[in-house]
Structure formats: C-alpha cells, structure tokens
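Working notes for the structure below.
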Amino acid sequence: MPGLRKRVLVTGGAGFIGSHLCERLLDAGNDVLCVDNFFTGTRDNVLPLLSNPHFELMRHDVTFPLYVEVDEIYNLACPASPVHYQFDPVQTTKVSVHGAINVLGLAKRVKAKVLQASTSEVYGDPAVHPQPEEYWGNVNPIGPRACYDEGKRCAETLFFDYHRQHRLDVKVARIFNTYGPRMHPNDGRVVSNFIMQALKKEPITIYGDGSQTRSFCYVDDLVDGLIRLMATDPETTGPINIGNPGEFTMLELAEKVIRLTDSSSTIIHRPLPQDDPKQRRPNIDKAKSVLGWEPTIPLDEGLARAIPYFRNFV
C-alpha cells in the first residue's frame, strides 16, 4: 500500500556508496530523499533514478540544518578519500561534526532511526590486528589525516550521547575499504588509482615497499550490511565493522589489477605518506552474529565488475 512506504533520507546520497544505497532502497519499495552538496558526489551517479517518482534529489550541505519528514536516515555525507578530505580539512571536520549534530537533531525531532557511516579510520594505524570494535585505536589527533579520523570519532561520540541522553535509535557502522563502480576516478584511493593507471598503461604507484595490507569490500556487499544494520532493534547500536576480512598487500592488488586489465603497466615505488596505516583488516564476528552478514564477492570478481566503469574515463 502506498501509505506504508518508508521515507528514507540518505545524506551524501549522490556519492559512490550513497548512490548504490539509494538504488537498493528504491528497489525495496521505499521513498528515498537523496541529499548531496555535490562536492564529491555527482548527479551522474543518480541519473538513472531521477525518473523514479519515489526518488527525490536535493542539493543541500549538511553543515546547515535540514527540515524534512522521514522515518530513517543514513548519514553518509563526508568526503572519504585523502585527496578530497585534505583539500579543505576544516570543512571536512565540520561535515562530520556539524553534520552529525544536524542529522541527529532532525532524527530527534521526527523520531527517526538514524545510521552513521563511520569508518575504519577511527582505528588509526592499528596496534591490534585484525581490528575488533572494542579497540580504541591509535590515532594522531594533529596529523594531516586527523580532520577525517577525529571528525568521524567525534561523530560517533555524538551518536552515542544522543542515544544515552535522548534515547534516540542510533546505529553506527564502521566501514572498511569499499570499491566498485561509481568510485571517483581521481579520488586517490588505491583501487581507483591502480585501475586508472593500468588502463592508461602508466606505471602503477605503490607507496612504501608494497607490503602494507588492506581489505577490500565490494560495494553491493557493503550496502547489504548497512541495510541489515538499520533493520535491527533499538538495542543494537553498534559500532559494527562492515568490511571484507580478506587481506591483500598493495603488491598483490597491483598484480591483480594488471592481470585483469591486461595492462603492460610496470610498478614504481614512492615514499609512504604520513600516518598511513600499515595494516587494515576488520574483525567481522559481530556483523556475522548480530546481522547474519558477511561479504560474498571475492576481490577478483569485484575488480572484474568495477573495471568496465573506469574504462569510461580513459
């Protein structure tokens, strides 16, 4: 029945993950309001959705209050790659902190359930491996990445304080490296970097000796985890790690990309950036037990699905 449709707000909805989430929410029969200021998101990402009468796109910056009526809120608004979040670090912190305050204020007013897209960056350069949710992290609060790391940590603080103080139904997902179609081709993240360099047959740049590791989750798996977390009862707040525990060195990733793109690219090494984590891998025991979720798409398959999208930019 039309009256039973949930009204769902997705901030940052025209971004990489946000656009996939909007698509999935529409497929599930919801009314979706996508809010984005188009700093890193693009209208192109949601172009196929604009003809859907249950989809609405609004240009808005979450550092300013938003007055709408909704049942659920996914807060994804924040640039997520170092290239973008270090471009205007003060604004990055504002998006995480003021944005969280505005989204939480809205959720409190309309009694909506609200999910924060947090990040594995809250663990910093981890001294515990793999990272469980109980680990408090090893973060440099004054380094070049702190605008993002500390902004996201403060947003988590706000979510839990609203939960304790106002009994708000909150969910916090800690998202680990995610990749797939609609990633910004020049966002400086390792998967998009490697694919674009391989497609252009340029040397693939590895920082350090290439032994540092990351775990890569395909976007469809990630979105499934977010939706499952939102569907939990009010006692389930998180934080819950959502990511793929498969761990690969940068060298292994570069070799896979070269093979899958059939590229003649060679590998070159550059110095490691400051505060770049040496290891990153989620412990997903909580996601398995609480959400019944684990990723299903292996890295080779996910890369093969993503590469055709990046060919459009070469």
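We name chains A, B, ... following the order of the structure tokens; residues begin at 1 in each chain, and ligands are numbered from 1 as shown.
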Members of range 207-301 of chain A assigned helix (DSSP H, G or I) by DSSP, as a PyMOL selection string: chain A and resi 219-230+250-261+285-291+299-301
For the selection you just gave me, I'd like the residues written to a file as a PDB file, in the first residue's frame, keeping C-alpha atoms.
```pdb
ATOM      1  CA  VAL A 219      30.008  -2.042  -2.680  1.00  0.00           C
ATOM      2  CA  ASP A 220      26.997  -4.401  -3.059  1.00  0.00           C
ATOM      3  CA  ASP A 221      28.129  -6.397  -0.020  1.00  0.00           C
ATOM      4  CA  LEU A 222      28.679  -3.196   1.969  1.00  0.00           C
ATOM      5  CA  VAL A 223      25.219  -1.786   1.173  1.00  0.00           C
ATOM      6  CA  ASP A 224      23.642  -5.083   2.230  1.00  0.00           C
ATOM      7  CA  GLY A 225      25.421  -4.764   5.597  1.00  0.00           C
ATOM      8  CA  LEU A 226      24.193  -1.180   6.124  1.00  0.00           C
ATOM      9  CA  ILE A 227      20.581  -2.129   5.369  1.00  0.00           C
ATOM     10  CA  ARG A 228      20.756  -5.100   7.735  1.00  0.00           C
ATOM     11  CA  LEU A 229      22.148  -2.880  10.498  1.00  0.00           C
ATOM     12  CA  MET A 230      19.362  -0.316  10.009  1.00  0.00           C
ATOM     13  CA  MET A 250      49.412  -3.452  -2.179  1.00  0.00           C
ATOM     14  CA  LEU A 251      51.707  -5.501  -4.420  1.00  0.00           C
ATOM     15  CA  GLU A 252      49.125  -8.301  -4.652  1.00  0.00           C
ATOM     16  CA  LEU A 253      46.409  -5.793  -5.542  1.00  0.00           C
ATOM     17  CA  ALA A 254      48.580  -4.155  -8.211  1.00  0.00           C
ATOM     18  CA  GLU A 255      49.346  -7.545  -9.784  1.00  0.00           C
ATOM     19  CA  LYS A 256      45.632  -8.495  -9.840  1.00  0.00           C
ATOM     20  CA  VAL A 257      44.688  -5.191 -11.489  1.00  0.00           C
ATOM     21  CA  ILE A 258      47.444  -5.523 -14.133  1.00  0.00           C
ATOM     22  CA  ARG A 259      46.247  -9.065 -14.936  1.00  0.00           C
ATOM     23  CA  LEU A 260      42.506  -8.212 -15.049  1.00  0.00           C
ATOM     24  CA  THR A 261      43.039  -5.112 -17.239  1.00  0.00           C
ATOM     25  CA  ASP A 285      32.470 -11.542  14.171  1.00  0.00           C
ATOM     26  CA  LYS A 286      29.874  -9.020  15.363  1.00  0.00           C
ATOM     27  CA  ALA A 287      28.455  -8.475  11.867  1.00  0.00           C
ATOM     28  CA  LYS A 288      28.174 -12.251  11.451  1.00  0.00           C
ATOM     29  CA  SER A 289      26.457 -12.876  14.783  1.00  0.00           C
ATOM     30  CA  VAL A 290      24.278  -9.732  15.053  1.00  0.00           C
ATOM     31  CA  LEU A 291      23.419  -9.070  11.390  1.00  0.00           C
ATOM     32  CA  LEU A 299      38.260  -9.445  -4.839  1.00  0.00           C
ATOM     33  CA  ASP A 300      38.895 -10.841  -8.343  1.00  0.00           C
ATOM     34  CA  GLU A 301      35.173 -10.886  -9.133  1.00  0.00           C
TER      35      GLU A 301
END
```
DSSP-assigned strand (DSSP E) members of range 22-193 of chain A, reported as number ranges by chain: A: 31-36, 55-59, 72-75, 113-119, 170-175, 178-179
Contact residues around Cys154 in chain A with only C-alpha atoms at 9 Å, ignoring same-chain residues under 6 positions, as number ranges by chain: A: 96-97, 100
Selection from above, all heavy atoms, as a short mmCIF file (atom, residue, chain, number, x, y, z; two decimals), in the first residue's frame, can you write it?
```cif
data_model
loop_
_atom_site.label_atom_id
_atom_site.label_comp_id
_atom_site.auth_asym_id
_atom_site.auth_seq_id
_atom_site.Cartn_x
_atom_site.Cartn_y
_atom_site.Cartn_z
N SER A 96 31.63 16.28 9.38
CA SER A 96 31.45 15.17 10.31
C SER A 96 30.74 15.62 11.59
O SER A 96 29.83 14.94 12.06
CB SER A 96 32.79 14.53 10.67
OG SER A 96 33.25 13.73 9.60
N VAL A 97 31.17 16.76 12.15
CA VAL A 97 30.68 17.17 13.48
C VAL A 97 29.36 17.94 13.37
O VAL A 97 28.34 17.52 13.92
CB VAL A 97 31.76 17.98 14.23
CG1 VAL A 97 31.25 18.42 15.58
CG2 VAL A 97 33.03 17.13 14.40
N ALA A 100 26.73 15.72 11.82
CA ALA A 100 26.14 14.75 12.77
C ALA A 100 25.14 15.44 13.68
O ALA A 100 24.04 14.93 13.93
CB ALA A 100 27.25 14.09 13.59
#
```
Go through range 74-155 of chain A and flag each residue having an atom no more than 8 Å from range 231-249 of chain A; for those, report the closest pair of atoms plus their distance in Å to one decimal, using only C-alpha atoms, ordered by chain and rising number, as CSV.
```
residue,atom,partner,partner_atom,distance
A:Ser120,CA,A:Asn241,CA,7.7
A:Pro132,CA,A:Asn241,CA,7.6
A:Glu133,CA,A:Pro239,CA,6.4
```
Contact residues around Ala14 in chain A with only C-alpha atoms at 10 Å, ignoring same-chain residues under 2 positions, as a VMD selection string: chain A and resid 10 to 12 16 to 22 34 to 47 57 to 59 76 to 77 182
Please produce a file of the residues just selected, as a compact mmCIF listing (two decimals), in the first residue's frame, where the atoms kept are C-alpha atoms.
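Output file selection18.txt is given in full below:
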```
# COMPACT_ATOMS: atom_id res chain seq x y z
CA VAL A 10 20.31 9.42 2.51
CA THR A 11 22.80 12.26 3.08
CA GLY A 12 25.72 12.03 0.66
CA PHE A 16 29.82 6.39 -4.53
CA ILE A 17 28.27 4.31 -1.72
CA GLY A 18 25.25 6.59 -1.30
CA SER A 19 24.05 6.15 -4.89
CA HIS A 20 24.19 2.35 -4.61
CA LEU A 21 22.29 2.58 -1.30
CA CYS A 22 19.59 4.83 -2.82
CA CYS A 34 18.83 11.94 -1.60
CA VAL A 35 20.65 14.96 -0.19
CA ASP A 36 24.09 15.99 -1.50
CA ASN A 37 26.12 19.18 -1.98
CA PHE A 38 27.98 17.58 -4.94
CA PHE A 39 31.46 18.20 -3.53
CA THR A 40 32.47 14.62 -4.33
CA GLY A 41 29.10 13.14 -5.31
CA THR A 42 27.72 13.73 -8.82
CA ARG A 43 24.30 13.92 -10.43
CA ASP A 44 25.53 11.28 -12.89
CA ASN A 45 25.65 8.71 -10.08
CA VAL A 46 21.88 9.00 -9.56
CA LEU A 47 20.85 9.91 -13.12
CA LEU A 57 17.24 14.73 -5.19
CA MET A 58 18.00 17.82 -3.08
CA ARG A 59 21.16 19.94 -3.23
CA LEU A 76 26.88 9.21 4.55
CA ALA A 77 27.78 12.87 3.96
CA ARG A 182 30.92 4.99 -9.37
```
Non-local contacts of range 163-165 of chain A (10 Å; only C-alpha atoms; under 4 positions in same chain excluded) as a VMD selection string: chain A and resid 104 108 157 to 159 169 to 171 234 237
